[in-house]
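> So here's run06.cif (mmCIF, C-alpha atoms and all ligand atoms).
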data_work
loop_
_atom_site.label_atom_id
_atom_site.label_comp_id
_atom_site.auth_asym_id
_atom_site.auth_seq_id
_atom_site.Cartn_x
_atom_site.Cartn_y
_atom_site.Cartn_z
CA MET A 8 73.19 118.39 100.47
CA LYS A 9 70.31 118.35 98.02
CA VAL A 10 70.06 117.89 94.28
CA GLN A 11 68.17 120.98 93.12
CA ARG A 12 67.84 119.97 89.50
CA ILE A 13 69.08 117.50 86.96
CA THR A 14 69.38 117.87 83.21
CA LEU A 15 69.39 114.77 81.03
CA ARG A 16 70.89 115.02 77.57
CA GLU A 17 71.35 112.46 74.86
CA ILE A 18 74.28 113.20 72.60
CA ARG A 19 75.40 111.29 69.52
CA MET A 20 78.96 111.03 68.32
CA PRO A 21 80.50 108.86 65.60
CA LEU A 22 83.50 106.77 66.66
CA VAL A 23 86.75 107.46 64.82
CA THR A 24 86.84 103.73 64.00
CA PRO A 25 83.91 101.31 64.32
CA PHE A 26 84.26 98.95 67.28
CA GLU A 27 83.36 95.29 66.85
CA THR A 28 82.89 92.75 69.64
CA SER A 29 81.42 89.26 69.74
CA PHE A 30 78.01 90.85 70.42
CA GLY A 31 77.98 93.47 67.67
CA ARG A 32 79.45 96.48 65.97
CA VAL A 33 79.15 100.14 67.00
CA THR A 34 79.83 103.05 64.66
CA ASP A 35 77.85 105.82 66.33
CA ARG A 36 77.58 106.18 70.08
CA ARG A 37 74.48 107.44 71.80
CA MET A 38 75.35 108.72 75.24
CA LEU A 39 73.20 109.93 78.10
CA LEU A 40 74.79 112.74 80.10
CA VAL A 41 73.56 113.83 83.51
CA GLU A 42 74.17 117.35 84.75
CA ALA A 43 73.26 117.69 88.41
CA ASP A 44 72.86 120.97 90.27
CA VAL A 45 73.78 120.16 93.86
CA ASP A 46 73.24 123.23 96.06
CA GLY A 47 74.36 125.46 93.19
CA MET A 48 77.40 123.37 92.25
CA THR A 49 77.30 121.51 88.94
CA GLY A 50 78.42 117.90 88.63
CA TRP A 51 78.56 115.76 85.50
CA GLY A 52 78.05 112.05 84.93
CA GLU A 53 77.60 109.73 81.97
CA SER A 54 75.49 106.63 81.61
CA VAL A 55 77.44 103.92 79.82
CA ALA A 56 74.30 102.09 78.69
CA GLY A 57 74.60 100.96 75.10
CA GLU A 58 72.44 101.50 72.07
CA GLY A 59 71.03 97.98 72.52
CA PRO A 60 70.80 95.45 75.40
CA PHE A 61 73.69 93.33 74.13
CA TYR A 62 76.49 93.92 76.61
CA ALA A 63 74.13 94.33 79.57
CA PRO A 64 70.32 94.56 79.86
CA GLU A 65 70.21 98.37 80.00
CA THR A 66 69.97 100.73 77.03
CA VAL A 67 70.01 104.51 76.62
CA GLU A 68 66.21 104.41 76.63
CA THR A 69 65.87 102.39 79.82
CA ALA A 70 68.42 104.58 81.58
CA TRP A 71 66.51 107.72 80.60
CA HIS A 72 63.21 106.20 81.75
CA ILE A 73 64.61 105.05 85.11
CA LEU A 74 66.36 108.36 85.76
CA ARG A 75 63.29 110.45 84.97
CA ASP A 76 60.52 108.27 86.37
CA PHE A 77 62.12 106.54 89.35
CA ILE A 78 65.48 108.00 90.37
CA TRP A 79 64.51 111.65 90.22
CA PRO A 80 61.34 111.18 92.35
CA ILE A 81 63.53 109.56 95.04
CA LEU A 82 66.20 112.28 94.99
CA LYS A 83 63.95 115.32 94.57
CA ASP A 84 63.71 117.19 97.90
CA ARG A 85 65.85 114.53 99.55
CA LYS A 86 68.61 115.69 101.92
CA PHE A 87 71.84 113.69 102.30
CA ASN A 88 75.30 114.25 103.73
CA SER A 89 77.47 112.97 100.94
CA ALA A 90 77.46 111.29 97.54
CA SER A 91 78.41 108.06 99.29
CA GLU A 92 74.77 107.83 100.53
CA ILE A 93 73.19 107.92 97.09
CA TRP A 94 73.62 104.20 96.41
CA ASN A 95 71.55 103.32 99.49
CA LEU A 96 68.89 105.91 98.71
CA LEU A 97 68.43 104.26 95.32
CA ALA A 98 68.32 100.73 96.73
CA PRO A 99 64.52 100.37 96.26
CA ILE A 100 65.20 100.34 92.52
CA ARG A 101 66.52 96.93 91.57
CA GLY A 102 69.24 96.79 88.94
CA HIS A 103 69.56 99.66 86.46
CA ASN A 104 73.10 100.29 87.62
CA MET A 105 74.05 102.32 84.57
CA ALA A 106 71.23 104.78 85.25
CA LYS A 107 72.20 104.92 88.93
CA GLY A 108 75.90 105.27 88.19
CA ALA A 109 75.30 108.24 85.88
CA ILE A 110 73.64 110.38 88.55
CA GLU A 111 75.69 109.05 91.44
CA SER A 112 78.94 109.95 89.73
CA ALA A 113 77.59 113.42 88.86
CA ILE A 114 76.85 114.00 92.56
CA TRP A 115 80.38 112.84 93.48
CA ASP A 116 81.77 115.38 91.01
CA ALA A 117 79.64 118.15 92.56
CA GLU A 118 80.67 117.18 96.10
CA ALA A 119 84.36 117.18 95.17
CA LYS A 120 83.93 120.64 93.63
CA GLN A 121 82.16 121.91 96.75
CA LYS A 122 85.08 120.68 98.82
CA GLY A 123 87.63 122.11 96.38
CA LEU A 124 89.16 118.65 95.94
CA PRO A 125 89.97 116.59 92.86
CA LEU A 126 87.44 113.76 92.76
CA TRP A 127 90.17 111.14 92.91
CA LYS A 128 91.38 112.53 96.24
CA LEU A 129 87.85 112.54 97.64
CA LEU A 130 87.54 108.88 96.60
CA GLY A 131 90.78 108.02 98.40
CA GLY A 132 92.98 107.61 95.32
CA ILE A 133 96.75 107.49 95.66
CA ARG A 134 98.02 107.49 92.08
CA GLU A 135 99.05 110.61 90.19
CA GLU A 136 99.49 108.74 86.96
CA ILE A 137 97.53 105.73 85.78
CA PRO A 138 98.78 102.93 83.48
CA CYS A 139 96.85 102.53 80.23
CA GLY A 140 96.07 99.71 77.87
CA VAL A 141 93.88 99.53 74.78
CA SER A 142 90.96 97.37 73.74
CA ILE A 143 91.06 96.54 70.04
CA GLY A 144 87.90 95.42 68.29
CA ILE A 145 87.58 92.41 65.97
CA LYS A 146 89.21 93.30 62.65
CA GLY A 147 88.59 92.15 59.10
CA SER A 148 92.11 90.82 58.53
CA LEU A 149 95.23 89.86 60.41
CA GLU A 150 97.13 92.62 58.60
CA GLU A 151 94.66 95.23 59.80
CA LEU A 152 94.88 93.88 63.35
CA THR A 153 98.69 93.89 63.30
CA ALA A 154 98.81 97.44 61.96
CA THR A 155 96.50 98.57 64.77
CA VAL A 156 98.58 96.85 67.43
CA GLU A 157 101.74 98.41 66.01
CA ARG A 158 100.19 101.85 66.14
CA GLU A 159 99.00 101.46 69.76
CA LEU A 160 102.37 100.14 70.92
CA ALA A 161 104.10 103.05 69.19
CA ALA A 162 101.75 105.40 71.06
CA GLY A 163 103.06 103.89 74.31
CA TYR A 164 100.13 101.76 75.53
CA GLN A 165 101.28 99.21 78.09
CA ARG A 166 99.07 96.28 77.20
CA ILE A 167 97.02 95.11 74.28
CA LYS A 168 93.61 93.51 74.56
CA ILE A 169 91.94 92.07 71.52
CA LYS A 170 88.33 91.08 71.18
CA ILE A 171 87.75 87.47 70.18
CA LYS A 172 84.83 85.25 69.19
CA PRO A 173 84.54 81.66 67.91
CA GLY A 174 86.40 81.46 64.59
CA LYS A 175 88.39 84.61 65.33
CA ASP A 176 90.40 83.58 68.34
CA ILE A 177 93.37 81.20 68.10
CA GLU A 178 94.54 82.49 64.74
CA PRO A 179 94.76 86.22 65.60
CA VAL A 180 96.34 85.45 68.98
CA GLU A 181 98.95 83.15 67.45
CA TYR A 182 99.67 85.65 64.70
CA LEU A 183 100.17 88.52 67.16
CA ARG A 184 102.31 86.41 69.50
CA GLN A 185 104.68 85.50 66.69
CA ARG A 186 105.11 89.14 65.78
CA PHE A 187 105.14 90.55 69.30
CA PRO A 188 106.66 87.88 71.57
CA ASN A 189 107.12 90.19 74.55
CA ILE A 190 104.03 92.38 74.78
CA ARG A 191 101.42 92.14 77.51
CA LEU A 192 98.56 90.56 75.61
CA MET A 193 95.05 89.55 76.67
CA VAL A 194 91.72 88.67 75.06
CA ASP A 195 88.09 89.57 75.76
CA ALA A 196 85.34 87.25 74.52
CA ASN A 197 82.31 89.16 75.87
CA SER A 198 80.54 85.90 76.74
CA ALA A 199 80.91 84.28 73.31
CA TYR A 200 81.76 80.75 74.53
CA GLN A 201 80.15 77.87 76.39
CA LEU A 202 81.73 75.79 79.12
CA GLU A 203 81.92 72.85 76.64
CA ASP A 204 84.33 74.96 74.59
CA TRP A 205 86.94 74.68 77.32
CA PRO A 206 89.40 72.51 75.35
CA HIS A 207 89.39 75.18 72.65
CA LEU A 208 89.99 77.96 75.19
CA LYS A 209 92.75 75.82 76.68
CA ARG A 210 94.63 76.14 73.38
CA LEU A 211 94.99 79.86 74.07
CA GLU A 212 97.30 78.97 76.94
CA ALA A 213 100.13 78.36 74.47
CA TYR A 214 100.36 82.13 73.94
CA TYR A 215 100.89 83.18 77.57
CA LEU A 216 98.08 85.67 77.79
CA MET A 217 97.82 87.90 80.85
CA MET A 218 94.18 86.90 81.21
CA ILE A 219 91.06 85.80 79.35
CA GLU A 220 88.22 88.25 79.96
CA GLN A 221 84.61 87.08 80.32
CA PRO A 222 84.69 83.96 78.14
CA LEU A 223 81.32 82.53 79.31
CA GLY A 224 77.74 83.62 80.02
CA TRP A 225 77.19 87.22 81.11
CA ASP A 226 75.59 86.13 84.39
CA ASP A 227 77.14 82.70 84.85
CA LEU A 228 79.58 82.71 87.74
CA TYR A 229 79.31 78.98 88.28
CA SER A 230 80.60 77.95 84.85
CA HIS A 231 83.46 80.44 85.10
CA ALA A 232 84.51 78.75 88.34
CA GLU A 233 84.57 75.40 86.56
CA LEU A 234 86.50 76.84 83.66
CA GLN A 235 89.04 78.56 85.93
CA ARG A 236 89.82 75.19 87.51
CA LYS A 237 90.70 73.86 84.04
CA LEU A 238 92.87 76.83 83.01
CA ASP A 239 96.17 78.19 84.30
CA THR A 240 95.59 81.53 82.57
CA PRO A 241 93.69 83.87 84.91
CA ILE A 242 90.07 84.53 84.04
CA CYS A 243 89.06 88.18 84.40
CA LEU A 244 85.36 88.83 84.92
CA ASP A 245 83.60 91.84 83.42
CA GLU A 246 79.87 91.31 82.59
CA CYS A 247 79.32 88.89 85.49
CA ILE A 248 80.14 91.40 88.22
CA HIS A 249 77.20 93.73 88.61
CA THR A 250 77.05 93.89 92.40
CA GLU A 251 79.28 93.65 95.42
CA GLU A 252 77.57 90.33 96.22
CA HIS A 253 78.48 88.94 92.80
CA ALA A 254 82.06 90.05 93.36
CA ARG A 255 82.14 88.20 96.68
CA ALA A 256 80.59 85.09 95.15
CA ALA A 257 83.07 85.18 92.26
CA ILE A 258 85.98 85.30 94.68
CA GLU A 259 84.61 82.57 96.96
CA LEU A 260 83.79 80.30 94.02
CA GLY A 261 87.17 80.89 92.37
CA ALA A 262 85.42 82.12 89.23
CA CYS A 263 88.21 84.60 88.42
CA LYS A 264 91.68 85.71 89.48
CA ILE A 265 91.36 89.28 88.20
CA MET A 266 88.43 91.69 88.07
CA ASN A 267 87.48 94.41 85.62
CA ILE A 268 85.57 97.19 87.40
CA LYS A 269 83.27 99.46 85.41
CA LEU A 270 81.51 102.30 87.16
CA GLY A 271 78.29 101.98 85.21
CA ARG A 272 78.07 98.22 85.52
CA VAL A 273 78.15 98.37 89.32
CA GLY A 274 76.13 101.57 89.84
CA GLY A 275 78.72 104.25 90.57
CA HIS A 276 81.76 105.13 92.63
CA THR A 277 80.48 103.88 95.98
CA VAL A 278 80.03 100.26 94.93
CA ALA A 279 83.04 100.37 92.58
CA ARG A 280 85.16 101.34 95.57
CA ARG A 281 83.64 98.62 97.77
CA ILE A 282 84.36 95.97 95.13
CA HIS A 283 87.87 97.40 94.83
CA ASP A 284 88.36 97.08 98.59
CA LEU A 285 86.95 93.55 98.66
CA CYS A 286 89.28 92.44 95.85
CA GLN A 287 92.22 94.08 97.59
CA ARG A 288 91.53 92.14 100.79
CA HIS A 289 91.48 88.91 98.76
CA GLY A 290 94.58 89.57 96.66
CA ILE A 291 92.59 89.97 93.44
CA PRO A 292 94.07 92.76 91.27
CA VAL A 293 91.60 94.99 89.46
CA TRP A 294 91.64 97.29 86.46
CA CYS A 295 89.22 99.85 85.12
CA GLY A 296 87.16 98.81 82.12
CA GLY A 297 85.95 101.17 79.41
CA MET A 298 82.64 101.55 77.58
CA LEU A 299 83.66 103.81 74.70
CA GLU A 300 82.91 106.80 76.91
CA SER A 301 82.88 110.46 76.09
CA GLY A 302 85.29 112.62 78.05
CA ILE A 303 82.92 112.81 81.01
CA GLY A 304 82.73 109.08 81.64
CA ARG A 305 86.43 108.86 80.86
CA ALA A 306 87.24 111.48 83.50
CA HIS A 307 85.34 109.44 86.10
CA ASN A 308 87.24 106.31 85.03
CA ILE A 309 90.53 108.14 85.54
CA ALA A 310 89.53 109.17 89.07
CA LEU A 311 88.47 105.61 89.94
CA SER A 312 91.72 104.18 88.54
CA THR A 313 93.77 106.03 91.17
CA LEU A 314 92.64 103.67 93.96
CA PRO A 315 95.49 101.49 95.23
CA ASN A 316 94.38 98.08 93.95
CA PHE A 317 94.07 99.27 90.34
CA THR A 318 97.49 97.78 89.71
CA LEU A 319 96.91 96.56 86.15
CA ALA A 320 96.65 98.79 83.08
CA GLY A 321 92.99 99.49 82.29
CA ASP A 322 90.97 100.20 79.14
CA VAL A 323 91.07 103.95 79.80
CA ALA A 324 92.75 105.53 76.81
CA ALA A 325 93.19 108.88 75.04
CA SER A 326 90.16 110.81 73.72
CA LYS A 327 91.55 110.78 70.19
CA ARG A 328 91.34 106.98 69.93
CA TYR A 329 87.56 107.39 70.00
CA TRP A 330 86.56 110.91 68.97
CA GLU A 331 87.46 113.43 66.32
CA GLU A 332 86.81 116.01 69.03
CA ASP A 333 85.88 115.19 72.62
CA ILE A 334 83.35 117.09 74.76
CA ILE A 335 85.80 118.07 77.51
CA LEU A 336 88.78 120.38 77.86
CA PRO A 337 91.53 119.46 77.97
CA GLU A 338 91.06 116.19 76.10
CA VAL A 339 92.43 113.04 77.72
CA THR A 340 95.97 112.41 76.49
CA VAL A 341 98.36 109.53 77.05
CA SER A 342 102.11 109.91 77.61
CA ALA A 343 104.76 108.10 75.57
CA GLN A 344 105.05 105.74 78.57
CA GLY A 345 101.38 104.80 78.23
CA THR A 346 100.09 106.71 81.24
CA ILE A 347 97.49 109.37 81.93
CA ARG A 348 98.43 112.18 84.34
CA VAL A 349 95.64 112.59 86.83
CA PRO A 350 94.19 116.13 86.92
CA THR A 351 94.70 118.36 89.96
CA SER A 352 91.70 120.71 89.66
CA PRO A 353 88.51 120.14 91.70
CA GLY A 354 85.94 117.51 90.70
CA ILE A 355 86.51 115.38 87.63
CA GLY A 356 89.19 117.88 86.60
CA PHE A 357 88.09 118.27 82.98
CA GLU A 358 85.73 121.00 81.81
CA PRO A 359 82.63 119.92 79.83
CA ARG A 360 82.37 122.00 76.63
CA LEU A 361 78.78 123.20 76.82
CA ASP A 362 78.77 124.68 73.31
CA ARG A 363 79.88 121.41 71.78
CA ILE A 364 77.56 119.35 74.00
CA ASP A 365 74.61 121.52 72.91
CA LYS A 366 75.45 120.96 69.25
CA LEU A 367 75.55 117.20 69.73
CA THR A 368 72.37 117.04 71.83
CA VAL A 369 69.40 115.29 70.22
CA ARG A 370 67.18 115.26 73.31
CA LYS A 371 67.18 117.21 76.55
CA GLU A 372 64.99 117.19 79.64
CA ARG A 373 65.26 119.26 82.76
CA LEU A 374 63.85 117.89 86.01
CA ALA A 375 63.43 120.14 89.02
O1 LIG A 401 83.86 94.30 77.28
O2 LIG A 401 85.23 95.75 77.93
C1 LIG A 401 84.27 95.43 77.21
C2 LIG A 401 83.32 98.34 74.91
C3 LIG A 401 81.94 98.26 74.95
C4 LIG A 401 81.36 97.27 75.67
C5 LIG A 401 82.14 96.34 76.38
C6 LIG A 401 83.51 96.43 76.36
C7 LIG A 401 84.11 97.43 75.59
C8 LIG A 401 85.54 97.56 75.44
C9 LIG A 401 86.07 98.92 75.02
O3 LIG A 401 86.34 96.65 75.56
C10 LIG A 401 86.86 99.58 76.07
C11 LIG A 401 87.15 101.01 75.70
O4 LIG A 401 88.12 101.23 75.00
O5 LIG A 401 86.38 101.90 76.12
MG MG A 402 85.01 93.26 78.68
#
Output the structure of this file as structure tokens.


Amino acid sequence: MKVQRITLREIRMPLVTPFETSFGRVTDRRMLLVEADVDGMTGWGESVAGEGPFYAPETVETAWHILRDFIWPILKDRKFNSASEIWNLLAPIRGHNMAKGAIESAIWDAEAKQKGLPLWKLLGGIREEIPCGVSIGIKGSLEELTATVERELAAGYQRIKIKIKPGKDIEPVEYLRQRFPNIRLMVDANSAYQLEDWPHLKRLEAYYLMMIEQPLGWDDLYSHAELQRKLDTPICLDECIHTEEHARAAIELGACKIMNIKLGRVGGHTVARRIHDLCQRHGIPVWCGGMLESGIGRAHNIALSTLPNFTLAGDVAASKRYWEEDIILPEVTVSAQGTIRVPTSPGIGFEPRLDRIDKLTVRKERLA
């Protein structure tokens, strides 16, 4: 196999509702799409790098720079046998997993199409339907939060995650628990707390949360291990897990009992699958995180979520929660039972809408 050409595009799309986390608020997404021509077959990937370096160090700009100036020179004229080799080919570049994941996933899509297989089957997935949850941003009032939760439950979503930060944590959780005593509820702090805050976090245990996601420093496994020893509620790590080695360290240290796997954060399907396998061997359940993706990134998340140890509902939800109109056909929809039916056509199984993508494109560069 050989990548003949890649096309980078930056598209911009406004979110249907602004999304607020402890690290900031997003109203308009900038997304970097990678279209890869692999021996005449086209594959698509999406970089999940944010507008700013606030969730992780990468941004749309750094991903573009690394793809054009470092990744493409490695892949140009390079022969390989399968997409599973791309991660190793890119090993000389340290970090920049979101840039790597964008092209690596595009090559996986192309390989699956060449083989006439749905991507999820090529990855070794076993699920024909995946369970879905939602991630709800920090809201201005408890009434607004409750109304949102009601709407998502009515749509069928199987678990509710709310974003928290100091000052907006115990109160919203207590309020929701009183109104919804039986729902699967969890919180995500996106690294907003310090280890010294542990007695405060301990108070959340009164509301029997499924897990507390990434309460402490984005790269601080050690403090999470200390915190997990003080809490009965499972800690789920997100930001902290950017490599397979970090995943192993987290497990050995006891820094979490659950893991969130995001394709971009770990550099693509190959490493995502290895972390999945590692967690499975250690009895750590995983779920697929979301990064407010367009349909292309979402399609990759669906494929990844079919692996056997993705036993918990992820943050992979319907297109219409995010976009007035998505860039793929069909759009991603969720059943009344809160599941997504996995597509059966080759590759990612959703067709990118080139006309719409062109209209949304603010920058484009072809590398050959
Ligand atoms: O921490 O999981 C997170 C969005 C952007 C950055 C980080 C996170 C999130 C979400 C949204 O929680 C998940 C989604 O609905 O795509
Ligand atoms: Mg998170």

> Point out the residue among A:Leu228, A:Val194, A:Leu223, A:Met105 with the least atom-to-atom distance to Gly144 (chain A), counting only C-alpha atoms.

A:Val194

> Enumerate as a VMD selection string the residues within 9 Å of ligand LIG 401 (chain A), counting only C-alpha atoms and all ligand atoms.

chain A and resid 26 to 28 30 33 55 57 61 to 63 140 to 144 168 to 170 195 to 197 220 to 221 245 to 246 267 269 296 to 300 305 321 to 324 328 to 329

> Out of A:Arg272, A:Arg281, A:Arg134, A:His207, which residue has the shortest atom-to-atom distance to ligand MG 402 (chain A) when counting all atoms listed in the file?

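Using all atoms listed in the file, ligand MG 402 (chain A) sits closest to A:Arg272.
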
> Any idea what the distance is between CA of Asp176 (chain A) and CA of Pro60 (chain A)?

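So the answer is 24.0 Å.
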
> Got a sec: who's within 12 Å of Arg166 (chain A), counting only C-alpha atoms, leaving out chain neighbours fewer than 4 positions off, as a PyMOL selection string?

chain A and resi 138-143+156-157+159-162+187+189-194+216-218+294+319-324+344-346

> Would you put the residues from that selection into a file with C-alpha atoms, as a PDB file, in the frame of the given file?


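Printed below is selection23.pdb as written:
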ATOM      1  CA  PRO A 138      98.780 102.930  83.480  1.00  0.00           C
ATOM      2  CA  CYS A 139      96.850 102.530  80.230  1.00  0.00           C
ATOM      3  CA  GLY A 140      96.070  99.710  77.870  1.00  0.00           C
ATOM      4  CA  VAL A 141      93.880  99.530  74.780  1.00  0.00           C
ATOM      5  CA  SER A 142      90.960  97.370  73.740  1.00  0.00           C
ATOM      6  CA  ILE A 143      91.060  96.540  70.040  1.00  0.00           C
ATOM      7  CA  VAL A 156      98.580  96.850  67.430  1.00  0.00           C
ATOM      8  CA  GLU A 157     101.740  98.410  66.010  1.00  0.00           C
ATOM      9  CA  GLU A 159      99.000 101.460  69.760  1.00  0.00           C
ATOM     10  CA  LEU A 160     102.370 100.140  70.920  1.00  0.00           C
ATOM     11  CA  ALA A 161     104.100 103.050  69.190  1.00  0.00           C
ATOM     12  CA  ALA A 162     101.750 105.400  71.060  1.00  0.00           C
ATOM     13  CA  PHE A 187     105.140  90.550  69.300  1.00  0.00           C
ATOM     14  CA  ASN A 189     107.120  90.190  74.550  1.00  0.00           C
ATOM     15  CA  ILE A 190     104.030  92.380  74.780  1.00  0.00           C
ATOM     16  CA  ARG A 191     101.420  92.140  77.510  1.00  0.00           C
ATOM     17  CA  LEU A 192      98.560  90.560  75.610  1.00  0.00           C
ATOM     18  CA  MET A 193      95.050  89.550  76.670  1.00  0.00           C
ATOM     19  CA  VAL A 194      91.720  88.670  75.060  1.00  0.00           C
ATOM     20  CA  LEU A 216      98.080  85.670  77.790  1.00  0.00           C
ATOM     21  CA  MET A 217      97.820  87.900  80.850  1.00  0.00           C
ATOM     22  CA  MET A 218      94.180  86.900  81.210  1.00  0.00           C
ATOM     23  CA  TRP A 294      91.640  97.290  86.460  1.00  0.00           C
ATOM     24  CA  LEU A 319      96.910  96.560  86.150  1.00  0.00           C
ATOM     25  CA  ALA A 320      96.650  98.790  83.080  1.00  0.00           C
ATOM     26  CA  GLY A 321      92.990  99.490  82.290  1.00  0.00           C
ATOM     27  CA  ASP A 322      90.970 100.200  79.140  1.00  0.00           C
ATOM     28  CA  VAL A 323      91.070 103.950  79.800  1.00  0.00           C
ATOM     29  CA  ALA A 324      92.750 105.530  76.810  1.00  0.00           C
ATOM     30  CA  GLN A 344     105.050 105.740  78.570  1.00  0.00           C
ATOM     31  CA  GLY A 345     101.380 104.800  78.230  1.00  0.00           C
ATOM     32  CA  THR A 346     100.090 106.710  81.240  1.00  0.00           C
TER      33      THR A 346
END

> What is the distance, in Å and to one decimal place, between CA of Val10 (chain A) and CA of Asp46 (chain A)?

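That distance, rounded to one decimal, is 6.5 Å.
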
> Which neighbours of Leu260 (chain A) fall inside 8 Å, counting only C-alpha atoms, when residues of the same chain fewer than 4 positions from it are skipped, and could you give them as a ChimeraX atom specification?

/A:228-229,232,256

> Could you check which of A:Ala154, A:Met8, A:Ile335, A:Val369 is closest to Asn88 (chain A), using only C-alpha atoms?

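Closest candidate: A:Met8.
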
> Which one is closest to Thr250 (chain A): A:Cys263, A:Trp94, A:Ser112, A:Leu314? Count all atoms listed in the file.

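Among the listed residues, the smallest separation from Thr250 (chain A) belongs to A:Trp94.
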
> Between CA of Arg12 (chain A) and CA of Ala375 (chain A), what is the spacing in Å?

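Result for CA of Ala375 (chain A) versus CA of Arg12 (chain A): 4.4 Å, one decimal.
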
> So, with all atoms listed in the file as the atoms that count, which of A:Ala109, A:Ile93, A:Cys247, A:Ala43 lies closest to ligand MG 402 (chain A)?

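Closest candidate: A:Cys247.
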
> For each of A:Ser29, A:Trp127, A:Gly271, A:Met48, take the minimum atom-to-atom distance to Ile145 (chain A), counting all atoms listed in the file, then give the residue where this is smallest.

A:Ser29
